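Source file: run-v2.cif (mmCIF, C-alpha atoms and all ligand atoms)
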data_upload
loop_
_atom_site.label_atom_id
_atom_site.label_comp_id
_atom_site.auth_asym_id
_atom_site.auth_seq_id
_atom_site.Cartn_x
_atom_site.Cartn_y
_atom_site.Cartn_z
CA MET A 173 -92.86 -25.13 -146.32
CA SER A 174 -96.62 -25.29 -146.67
CA LEU A 175 -99.58 -24.55 -144.42
CA ILE A 176 -101.74 -27.64 -144.03
CA GLY A 177 -105.26 -27.73 -142.62
CA VAL A 178 -106.34 -30.87 -140.78
CA PHE A 179 -110.05 -31.08 -140.05
CA ASP A 180 -112.16 -33.47 -137.97
CA SER A 181 -115.42 -33.40 -136.03
CA GLY A 182 -113.28 -33.46 -132.89
CA VAL A 183 -110.08 -35.00 -131.56
CA GLY A 184 -110.08 -38.03 -133.92
CA GLY A 185 -108.01 -36.33 -136.59
CA LEU A 186 -105.21 -35.94 -134.04
CA SER A 187 -104.32 -39.54 -135.00
CA ILE A 188 -103.65 -38.26 -138.54
CA LEU A 189 -101.92 -35.06 -137.35
CA ASP A 190 -99.64 -37.23 -135.19
CA GLU A 191 -98.53 -39.20 -138.24
CA ALA A 192 -98.20 -35.99 -140.30
CA LEU A 193 -95.89 -34.45 -137.68
CA ARG A 194 -93.82 -37.65 -137.72
CA GLN A 195 -93.42 -37.76 -141.52
CA LEU A 196 -93.64 -34.04 -142.34
CA PRO A 197 -92.59 -32.06 -139.24
CA GLN A 198 -91.27 -29.09 -141.22
CA HIS A 199 -94.67 -27.79 -142.31
CA ASP A 200 -97.09 -25.49 -140.49
CA TYR A 201 -100.45 -26.92 -139.47
CA ILE A 202 -103.89 -25.70 -138.44
CA TYR A 203 -105.79 -28.46 -136.64
CA LEU A 204 -109.53 -27.69 -136.64
CA ALA A 205 -111.79 -29.64 -134.26
CA ASP A 206 -115.54 -29.09 -134.44
CA SER A 207 -115.97 -30.63 -130.98
CA ALA A 208 -119.02 -28.46 -130.24
CA ASN A 209 -120.82 -30.56 -132.86
CA ALA A 210 -119.24 -33.99 -132.39
CA PRO A 211 -120.23 -36.71 -133.01
CA TYR A 212 -120.92 -36.23 -136.72
CA GLY A 213 -121.47 -39.95 -137.26
CA GLU A 214 -125.09 -39.98 -136.17
CA LYS A 215 -126.11 -36.80 -138.05
CA SER A 216 -127.69 -36.58 -141.52
CA GLY A 217 -125.56 -36.69 -144.66
CA ALA A 218 -126.81 -33.24 -145.68
CA TRP A 219 -125.83 -31.69 -142.34
CA ILE A 220 -122.37 -33.28 -142.42
CA ALA A 221 -121.78 -32.12 -146.01
CA GLU A 222 -122.84 -28.52 -145.31
CA ARG A 223 -120.87 -28.13 -142.06
CA SER A 224 -117.72 -29.80 -143.45
CA LEU A 225 -117.76 -27.53 -146.48
CA ILE A 226 -118.08 -24.39 -144.31
CA LEU A 227 -115.14 -25.46 -142.12
CA CYS A 228 -112.92 -26.45 -145.05
CA LYS A 229 -113.64 -23.03 -146.63
CA TYR A 230 -112.49 -21.49 -143.34
CA LEU A 231 -109.20 -23.41 -143.64
CA ALA A 232 -108.76 -22.39 -147.28
CA ASP A 233 -109.45 -18.73 -146.34
CA ALA A 234 -106.83 -19.02 -143.60
CA GLY A 235 -104.28 -19.66 -146.36
CA CYS A 236 -103.94 -23.46 -146.29
CA ASP A 237 -102.12 -24.95 -149.28
CA ALA A 238 -103.78 -28.34 -148.74
CA ILE A 239 -106.44 -29.83 -146.47
CA VAL A 240 -106.61 -33.26 -144.90
CA LEU A 241 -110.20 -34.21 -144.25
CA ALA A 242 -109.14 -36.32 -141.26
CA CYS A 243 -112.61 -37.75 -140.76
CA ASN A 244 -114.02 -40.82 -142.50
CA THR A 245 -117.57 -39.54 -141.99
CA ALA A 246 -116.91 -36.12 -143.56
CA THR A 247 -114.95 -37.74 -146.40
CA ALA A 248 -117.87 -40.07 -147.14
CA GLU A 249 -120.47 -37.31 -147.17
CA ALA A 250 -118.64 -34.19 -148.28
CA ILE A 251 -115.34 -34.64 -150.11
CA LYS A 252 -116.86 -34.39 -153.58
CA GLN A 253 -118.49 -31.00 -152.92
CA ILE A 254 -115.43 -29.71 -151.06
CA ARG A 255 -113.13 -30.61 -153.96
CA GLU A 256 -115.54 -28.96 -156.38
CA GLN A 257 -115.58 -25.71 -154.38
CA LEU A 258 -111.94 -25.35 -153.32
CA GLN A 259 -108.90 -24.83 -155.51
CA ILE A 260 -106.45 -26.64 -153.24
CA PRO A 261 -105.75 -30.38 -152.82
CA VAL A 262 -108.12 -32.10 -150.38
CA ILE A 263 -106.98 -35.47 -149.08
CA GLY A 264 -109.65 -37.70 -147.54
CA VAL A 265 -109.68 -40.71 -145.23
CA GLU A 266 -111.54 -43.94 -145.97
CA PRO A 267 -111.83 -47.17 -143.96
CA GLY A 268 -108.94 -49.44 -145.00
CA ILE A 269 -111.10 -52.31 -146.24
CA LYS A 270 -108.84 -52.99 -149.23
CA PRO A 271 -105.61 -53.50 -147.25
CA ALA A 272 -107.65 -55.45 -144.68
CA ALA A 273 -108.96 -57.86 -147.35
CA MET A 274 -105.38 -58.36 -148.55
CA GLN A 275 -104.00 -59.01 -145.07
CA SER A 276 -106.78 -61.23 -143.71
CA GLN A 277 -105.83 -64.91 -143.61
CA ASN A 278 -109.36 -66.28 -143.22
CA GLY A 279 -111.30 -63.71 -145.27
CA VAL A 280 -113.39 -62.41 -142.37
CA VAL A 281 -112.87 -58.72 -141.62
CA GLY A 282 -114.57 -56.54 -139.02
CA VAL A 283 -115.24 -52.89 -139.88
CA LEU A 284 -115.85 -50.53 -136.97
CA ALA A 285 -116.97 -47.11 -138.25
CA THR A 286 -119.66 -44.51 -137.69
CA GLU A 287 -123.23 -45.17 -138.76
CA ALA A 288 -123.00 -42.38 -141.38
CA THR A 289 -119.84 -43.86 -142.93
CA LEU A 290 -121.29 -47.37 -143.11
CA LYS A 291 -124.53 -46.10 -144.69
CA SER A 292 -122.80 -43.80 -147.19
CA ASP A 293 -122.81 -44.37 -150.94
CA LYS A 294 -119.06 -43.75 -151.05
CA PHE A 295 -118.27 -46.55 -148.57
CA ASN A 296 -120.68 -48.98 -150.24
CA ALA A 297 -119.23 -48.19 -153.67
CA LEU A 298 -115.75 -48.95 -152.32
CA LEU A 299 -117.03 -52.19 -150.83
CA ALA A 300 -118.52 -53.19 -154.18
CA THR A 301 -115.08 -52.96 -155.85
CA LEU A 302 -113.65 -55.72 -153.65
CA PRO A 303 -113.76 -59.41 -154.58
CA ASN A 304 -116.54 -61.22 -152.73
CA ASP A 305 -114.31 -63.91 -151.23
CA CYS A 306 -113.87 -61.60 -148.24
CA ARG A 307 -116.73 -61.17 -145.75
CA PHE A 308 -117.04 -57.80 -143.99
CA ILE A 309 -118.79 -57.61 -140.62
CA LYS A 310 -119.90 -53.98 -140.35
CA GLN A 311 -120.50 -52.48 -136.93
CA ALA A 312 -121.39 -48.90 -136.03
CA GLY A 313 -119.44 -47.74 -132.98
CA ALA A 314 -122.33 -45.74 -131.45
CA GLY A 315 -121.30 -43.93 -128.27
CA LEU A 316 -117.53 -44.41 -128.65
CA VAL A 317 -116.72 -40.95 -130.07
CA PRO A 318 -118.34 -39.02 -127.16
CA LEU A 319 -116.29 -41.09 -124.69
CA ILE A 320 -113.05 -40.35 -126.57
CA GLU A 321 -114.01 -36.66 -126.78
CA ALA A 322 -114.50 -36.70 -123.00
CA GLY A 323 -110.98 -38.09 -122.49
CA LYS A 324 -112.35 -41.50 -121.45
CA ALA A 325 -110.76 -43.72 -124.13
CA ASP A 326 -109.20 -46.00 -121.52
CA SER A 327 -112.13 -46.03 -119.07
CA GLU A 328 -114.16 -49.06 -117.91
CA GLU A 329 -117.13 -47.47 -119.67
CA ALA A 330 -115.28 -47.42 -123.00
CA LEU A 331 -114.08 -50.98 -122.46
CA ASP A 332 -117.64 -52.23 -121.81
CA LEU A 333 -119.12 -50.44 -124.83
CA LEU A 334 -116.29 -51.58 -127.08
CA ALA A 335 -116.74 -55.19 -125.91
CA LYS A 336 -120.41 -54.98 -126.94
CA HIS A 337 -119.59 -53.54 -130.38
CA LEU A 338 -116.83 -56.09 -131.00
CA GLU A 339 -119.03 -59.09 -130.11
CA PRO A 340 -120.56 -59.66 -133.61
CA ILE A 341 -117.14 -59.10 -135.20
CA LEU A 342 -115.55 -61.72 -132.97
CA GLU A 343 -118.45 -64.16 -133.22
CA ALA A 344 -118.01 -64.17 -137.01
CA GLY A 345 -114.35 -65.14 -136.50
CA SER A 346 -112.73 -61.98 -137.89
CA ASP A 347 -108.93 -62.04 -137.87
CA THR A 348 -108.64 -58.39 -139.00
CA LEU A 349 -110.32 -55.23 -137.73
CA VAL A 350 -110.58 -52.00 -139.70
CA LEU A 351 -110.53 -48.87 -137.53
CA GLY A 352 -112.87 -46.94 -139.83
CA CYS A 353 -113.06 -43.73 -137.80
CA THR A 354 -110.08 -41.53 -136.98
CA HIS A 355 -111.09 -41.48 -133.31
CA TYR A 356 -110.69 -45.25 -132.97
CA PRO A 357 -106.87 -45.51 -133.07
CA PHE A 358 -107.11 -43.93 -129.60
CA LEU A 359 -108.91 -47.12 -128.49
CA ARG A 360 -105.93 -49.31 -129.37
CA THR A 361 -105.01 -49.93 -125.73
CA ALA A 362 -108.62 -50.84 -124.90
CA ILE A 363 -108.89 -53.10 -127.96
CA ARG A 364 -105.65 -54.89 -127.07
CA LYS A 365 -106.86 -55.25 -123.48
CA LEU A 366 -110.00 -57.00 -124.76
CA LEU A 367 -108.53 -59.00 -127.63
CA GLY A 368 -104.83 -59.34 -126.97
CA ASP A 369 -102.79 -59.67 -130.15
CA SER A 370 -105.25 -62.06 -131.77
CA ILE A 371 -106.49 -59.58 -134.38
CA THR A 372 -104.73 -57.40 -136.95
CA LEU A 373 -105.68 -53.72 -136.67
CA ILE A 374 -105.87 -51.62 -139.83
CA ASP A 375 -105.70 -47.85 -139.73
CA THR A 376 -104.84 -45.78 -142.75
CA SER A 377 -103.08 -42.75 -141.24
CA ASP A 378 -99.70 -43.72 -142.71
CA ALA A 379 -101.16 -44.04 -146.23
CA VAL A 380 -103.08 -40.77 -145.87
CA VAL A 381 -99.94 -38.84 -144.91
CA ARG A 382 -97.97 -40.41 -147.76
CA GLN A 383 -100.70 -39.18 -150.09
CA LEU A 384 -100.43 -35.70 -148.51
CA LYS A 385 -96.67 -35.80 -149.10
CA ARG A 386 -97.15 -36.63 -152.79
CA GLN A 387 -99.59 -33.72 -153.17
CA LEU A 388 -97.18 -31.30 -151.45
CA GLU A 389 -94.37 -32.42 -153.75
CA LEU A 390 -96.55 -31.53 -156.72
CA LEU A 391 -97.19 -28.08 -155.20
CA ALA A 392 -93.58 -27.44 -154.23
CA SER A 393 -92.20 -24.22 -155.60
CA ASP A 394 -88.95 -22.45 -154.72
CA ASP A 395 -90.56 -20.13 -152.18
CA LYS A 396 -92.01 -23.14 -150.36
CA LEU A 397 -88.67 -24.88 -150.05
CA THR A 398 -87.48 -22.86 -147.04
CA ILE A 399 -85.59 -25.30 -144.86
CA GLN A 400 -87.13 -25.56 -141.44
CA ASP A 401 -86.94 -28.52 -139.04
CA HIS A 402 -90.17 -28.08 -137.18
CA GLY A 403 -93.09 -25.87 -138.13
CA SER A 404 -95.97 -24.52 -136.07
CA VAL A 405 -99.27 -26.08 -135.01
CA ASN A 406 -102.35 -23.96 -134.32
CA PHE A 407 -105.12 -25.88 -132.55
CA VAL A 408 -108.55 -24.37 -133.30
CA SER A 409 -111.68 -25.59 -131.54
CA SER A 410 -115.37 -24.76 -131.77
CA LYS A 411 -115.78 -25.88 -128.15
CA ASP A 412 -112.73 -25.29 -125.92
CA ASP A 413 -109.27 -24.70 -127.37
CA ALA A 414 -107.44 -25.21 -124.06
CA VAL A 415 -109.05 -28.64 -123.69
CA LEU A 416 -108.16 -29.47 -127.31
CA LEU A 417 -104.52 -28.57 -126.69
CA GLN A 418 -104.47 -30.65 -123.51
CA MET A 419 -105.97 -33.63 -125.32
CA ALA A 420 -103.46 -33.28 -128.15
CA GLN A 421 -100.67 -33.44 -125.57
CA ASN A 422 -102.25 -36.51 -123.93
CA LEU A 423 -103.25 -38.47 -127.03
CA MET A 424 -100.42 -37.80 -129.48
CA HIS A 425 -96.97 -39.37 -129.47
CA SER A 426 -95.36 -36.42 -131.26
CA ASN A 427 -93.31 -34.11 -129.10
CA LEU A 428 -95.28 -30.88 -129.45
CA GLU A 429 -92.54 -28.98 -127.63
CA MET A 430 -90.54 -29.17 -130.85
CA HIS A 431 -93.19 -27.07 -132.60
CA ALA A 432 -94.42 -23.51 -132.11
CA VAL A 433 -97.82 -24.36 -130.67
CA LYS A 434 -100.81 -22.14 -130.02
CA SER A 435 -104.55 -22.57 -129.63
CA GLN A 436 -107.60 -20.44 -130.35
CA MET A 437 -111.35 -20.63 -130.43
CA LEU A 438 -113.07 -20.87 -133.78
CA GLY A 439 -114.58 -17.40 -134.25
CA ASN A 440 -117.77 -16.60 -136.09
CA ILE A 441 -117.77 -18.17 -139.51
CA LYS A 442 -120.00 -17.60 -142.49
N1 LIG B 501 -113.57 -39.00 -136.55
C1 LIG B 501 -114.65 -39.14 -137.44
C2 LIG B 501 -114.49 -40.25 -138.43
O1 LIG B 501 -113.40 -40.57 -138.81
C3 LIG B 501 -116.06 -38.90 -137.01
C4 LIG B 501 -116.47 -39.21 -135.66
C5 LIG B 501 -117.81 -38.60 -135.35
O2 LIG B 501 -117.83 -37.39 -135.16
O3 LIG B 501 -118.82 -39.33 -135.32
O4 LIG B 501 -115.45 -40.80 -138.90
#

Conversion result in structure tokens:
Amino acid sequence: MSLIGVFDSGVGGLSILDEALRQLPQHDYIYLADSANAPYGEKSGAWIAERSLILCKYLADAGCDAIVLACNTATAEAIKQIREQLQIPVIGVEPGIKPAAMQSQNGVVGVLATEATLKSDKFNALLATLPNDCRFIKQAGAGLVPLIEAGKADSEEALDLLAKHLEPILEAGSDTLVLGCTHYPFLRTAIRKLLGDSITLIDTSDAVVRQLKRQLELLASDDKLTIQDHGSVNFVSSKDDAVLLQMAQNLMHSNLEMHAVKSQMLGNIK
């Protein structure tokens, strides 16, 4: 089996880890949450790139065979530099605007993502590759990540803020909504409460984990083929590892009891 690093600004990447444990439970994981610095989405591109690189180097130094950059914002601002500096596969996450354009019946698609992702060159380059018969209504989800980090994804406060952010998307008649931040799948219940089943939700965690699986197959060597049903998960936080572990238990569907789980604080890093 392999050791896989999963990195996000906070608890958002747990939506990717959840899918990874479903498809690839036999591997060992380090989940790294930089919750002391979340949200990343309203910080400068240079700051996001520098911090993400430092934390991915930490994961590589810890012996990870591959890293999932489980953060759309960090992928947009930092994946190029990280891939240049590290010798292991780095899998990123991007808003699923392509599958959304294919699934939309009326060609109007809402994209809810962080301000940094929506402003990034990487996102706008991806947008430019799509045929212009689809209209994208871009909305920055300011304030949503701190609520999710505080365990308030299903609160009245989150519902009110979400309703405000979804207004322009709904007014334009969108039939499809891209969840362009890994924190937002945890708002599914709130979104369904507000919109019912009237809109198709697109999140790319399944595709990201399939990509991880392909990369691991390329890496597979005899010594990595040890048969093991369920590997370990180490939750590392820059803010409070006990809270991170508690949130993982609350937010994820995976049965963590099947895995050897531990948590630790992120120590001093270079
Ligand atoms: N979860 C992250 C993303 O996918 C970033 C959220 C944030 O820290 O602003 O974009």

Using the file's own x, y and z axes, so that the box edges lie along x, y and z, what centre and edge lengths in Å (one decimal) does a box around every listed atom of ligand LIG 501 (chain B) get when 3 Å is added on each side? Give it as JSON.
{"center_x": -116.1, "center_y": -39.1, "center_z": -137.0, "size_x": 11.4, "size_y": 9.4, "size_z": 9.7}

| request: Residues within 6 Å of ligand LIG 501 (chain B), counting all atoms listed in the file: report them as a list in words. | output: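 Going residue by residue within 6 Å of ligand LIG 501 (chain B), we get Asp180, Ser181, Gly184, Ala210, Pro211, Tyr212, Gly213, Cys243, Asn244, Thr245, Thr286, Val317, Cys353, Thr354 and His355 of chain A.
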
| query | Nearest to A:Val281: which of A:Ala250, A:Ile260, A:Leu351, A:Leu231 is it, counting only C-alpha atoms? | reply |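 Closest to A:Val281 of all the choices is A:Leu351.
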
| note | Closest of A:Met424, A:Met419, A:Leu366, A:Val350 to A:Pro271, counting only C-alpha atoms, is A:Val350

| query | Quick one: distance from atom CA of A:Trp219 to atom CA of A:Asp233 in Å, one decimal? | reply | 21.3 Å

| field | Residue nearest A:Ser435 - candidates A:Leu175, A:Leu331, A:Ile202, A:Ala344, atoms counted: only C-alpha atoms | value |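 Among the listed residues, the smallest separation from A:Ser435 belongs to A:Ile202.
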
Find the residues of stretch 188-293 of chain A that sit at most 10 Å from stretch 309-313 of chain A; for each, write down the nearest two atoms and how far apart they are in Å, to one decimal. Count all atoms listed in the file. Sort by chain, then by number going up, and give it as JSON lines.
{"residue": "A:Gly213", "atom": "CA", "partner": "A:Ala312", "partner_atom": "CA", "distance": 9.0}
{"residue": "A:Glu214", "atom": "CA", "partner": "A:Ala312", "partner_atom": "CA", "distance": 9.7}
{"residue": "A:Val280", "atom": "CA", "partner": "A:Ile309", "partner_atom": "CA", "distance": 7.4}
{"residue": "A:Val281", "atom": "CA", "partner": "A:Ile309", "partner_atom": "CA", "distance": 6.1}
{"residue": "A:Gly282", "atom": "CA", "partner": "A:Ile309", "partner_atom": "CA", "distance": 4.6}
{"residue": "A:Val283", "atom": "CA", "partner": "A:Lys310", "partner_atom": "CA", "distance": 4.8}
{"residue": "A:Leu284", "atom": "CA", "partner": "A:Gln311", "partner_atom": "CA", "distance": 5.0}
{"residue": "A:Ala285", "atom": "CA", "partner": "A:Ala312", "partner_atom": "CA", "distance": 5.3}
{"residue": "A:Thr286", "atom": "CA", "partner": "A:Ala312", "partner_atom": "CA", "distance": 5.0}
{"residue": "A:Glu287", "atom": "CA", "partner": "A:Ala312", "partner_atom": "CA", "distance": 5.0}
{"residue": "A:Ala288", "atom": "CA", "partner": "A:Ala312", "partner_atom": "CA", "distance": 8.6}
{"residue": "A:Thr289", "atom": "CA", "partner": "A:Ala312", "partner_atom": "CA", "distance": 8.7}
{"residue": "A:Leu290", "atom": "CA", "partner": "A:Ala312", "partner_atom": "CA", "distance": 7.2}
{"residue": "A:Lys291", "atom": "CA", "partner": "A:Ala312", "partner_atom": "CA", "distance": 9.6}

| task | Identify, on the basis of all atoms listed in the file, every residue whose closest approach to A:Arg386 does not exceed 12 Å; exclude the query and any residue fewer than 5 positions from it along the same chain; express the result as a list in words. | result |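 Here the qualifying residues turn out to be Gln195, Leu196, Ala238, Pro261, Ile263, Ala379, Val380, Val381, Leu391 and Ala392 of chain A.
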
| said: If we draw a sphere of 9 Å around (-106.5, -31.8, -142.0), which residues have at least one atom in it when counting only C-alpha atoms? Please report them as an NGL selection string. | reply: :A and (176-180 or 185 or 188-189 or 201-204 or 228 or 231 or 238-243 or 262-264)

Would you kindly place N, CA, C and O atoms on stretch 284-298 of chain A and return the model as a PDB file, in the coordinates of the input?
ATOM      1  N   LEU A 284    -115.247 -51.378-137.998  1.00  0.00           N
ATOM      2  CA  LEU A 284    -115.850 -50.530-136.970  1.00  0.00           C
ATOM      3  C   LEU A 284    -115.773 -49.094-137.489  1.00  0.00           C
ATOM      4  O   LEU A 284    -114.678 -48.580-137.737  1.00  0.00           O
ATOM      5  N   ALA A 285    -116.936 -48.478-137.697  1.00  0.00           N
ATOM      6  CA  ALA A 285    -116.970 -47.110-138.250  1.00  0.00           C
ATOM      7  C   ALA A 285    -118.236 -46.438-137.748  1.00  0.00           C
ATOM      8  O   ALA A 285    -119.032 -47.049-137.041  1.00  0.00           O
ATOM      9  N   THR A 286    -118.428 -45.173-138.130  1.00  0.00           N
ATOM     10  CA  THR A 286    -119.660 -44.510-137.690  1.00  0.00           C
ATOM     11  C   THR A 286    -120.824 -44.977-138.567  1.00  0.00           C
ATOM     12  O   THR A 286    -120.632 -45.471-139.688  1.00  0.00           O
ATOM     13  N   GLU A 287    -122.020 -44.770-138.025  1.00  0.00           N
ATOM     14  CA  GLU A 287    -123.230 -45.170-138.760  1.00  0.00           C
ATOM     15  C   GLU A 287    -123.279 -44.458-140.118  1.00  0.00           C
ATOM     16  O   GLU A 287    -123.585 -45.073-141.142  1.00  0.00           O
ATOM     17  N   ALA A 288    -122.941 -43.154-140.125  1.00  0.00           N
ATOM     18  CA  ALA A 288    -123.000 -42.380-141.380  1.00  0.00           C
ATOM     19  C   ALA A 288    -122.026 -42.928-142.418  1.00  0.00           C
ATOM     20  O   ALA A 288    -122.358 -43.030-143.601  1.00  0.00           O
ATOM     21  N   THR A 289    -120.819 -43.304-141.978  1.00  0.00           N
ATOM     22  CA  THR A 289    -119.840 -43.860-142.930  1.00  0.00           C
ATOM     23  C   THR A 289    -120.363 -45.169-143.508  1.00  0.00           C
ATOM     24  O   THR A 289    -120.343 -45.371-144.725  1.00  0.00           O
ATOM     25  N   LEU A 290    -120.852 -46.048-142.639  1.00  0.00           N
ATOM     26  CA  LEU A 290    -121.290 -47.370-143.110  1.00  0.00           C
ATOM     27  C   LEU A 290    -122.482 -47.274-144.053  1.00  0.00           C
ATOM     28  O   LEU A 290    -122.638 -48.089-144.961  1.00  0.00           O
ATOM     29  N   LYS A 291    -123.327 -46.263-143.848  1.00  0.00           N
ATOM     30  CA  LYS A 291    -124.530 -46.100-144.690  1.00  0.00           C
ATOM     31  C   LYS A 291    -124.224 -45.365-145.991  1.00  0.00           C
ATOM     32  O   LYS A 291    -125.034 -45.351-146.904  1.00  0.00           O
ATOM     33  N   SER A 292    -123.052 -44.715-146.066  1.00  0.00           N
ATOM     34  CA  SER A 292    -122.800 -43.800-147.190  1.00  0.00           C
ATOM     35  C   SER A 292    -122.627 -44.521-148.525  1.00  0.00           C
ATOM     36  O   SER A 292    -122.151 -45.659-148.588  1.00  0.00           O
ATOM     37  N   ASP A 293    -122.986 -43.823-149.596  1.00  0.00           N
ATOM     38  CA  ASP A 293    -122.810 -44.370-150.940  1.00  0.00           C
ATOM     39  C   ASP A 293    -121.333 -44.600-151.231  1.00  0.00           C
ATOM     40  O   ASP A 293    -120.957 -45.573-151.874  1.00  0.00           O
ATOM     41  N   LYS A 294    -120.496 -43.666-150.743  1.00  0.00           N
ATOM     42  CA  LYS A 294    -119.060 -43.750-151.050  1.00  0.00           C
ATOM     43  C   LYS A 294    -118.461 -45.034-150.465  1.00  0.00           C
ATOM     44  O   LYS A 294    -117.724 -45.750-151.140  1.00  0.00           O
ATOM     45  N   PHE A 295    -118.803 -45.327-149.204  1.00  0.00           N
ATOM     46  CA  PHE A 295    -118.270 -46.550-148.570  1.00  0.00           C
ATOM     47  C   PHE A 295    -118.807 -47.785-149.295  1.00  0.00           C
ATOM     48  O   PHE A 295    -118.052 -48.720-149.593  1.00  0.00           O
ATOM     49  N   ASN A 296    -120.100 -47.793-149.615  1.00  0.00           N
ATOM     50  CA  ASN A 296    -120.680 -48.980-150.240  1.00  0.00           C
ATOM     51  C   ASN A 296    -120.169 -49.179-151.666  1.00  0.00           C
ATOM     52  O   ASN A 296    -120.034 -50.312-152.123  1.00  0.00           O
ATOM     53  N   ALA A 297    -119.827 -48.068-152.337  1.00  0.00           N
ATOM     54  CA  ALA A 297    -119.230 -48.190-153.670  1.00  0.00           C
ATOM     55  C   ALA A 297    -117.834 -48.800-153.570  1.00  0.00           C
ATOM     56  O   ALA A 297    -117.440 -49.644-154.379  1.00  0.00           O
ATOM     57  N   LEU A 298    -117.091 -48.392-152.527  1.00  0.00           N
ATOM     58  CA  LEU A 298    -115.750 -48.950-152.320  1.00  0.00           C
ATOM     59  C   LEU A 298    -115.843 -50.450-152.020  1.00  0.00           C
ATOM     60  O   LEU A 298    -115.089 -51.267-152.567  1.00  0.00           O
TER      61      LEU A 298
END
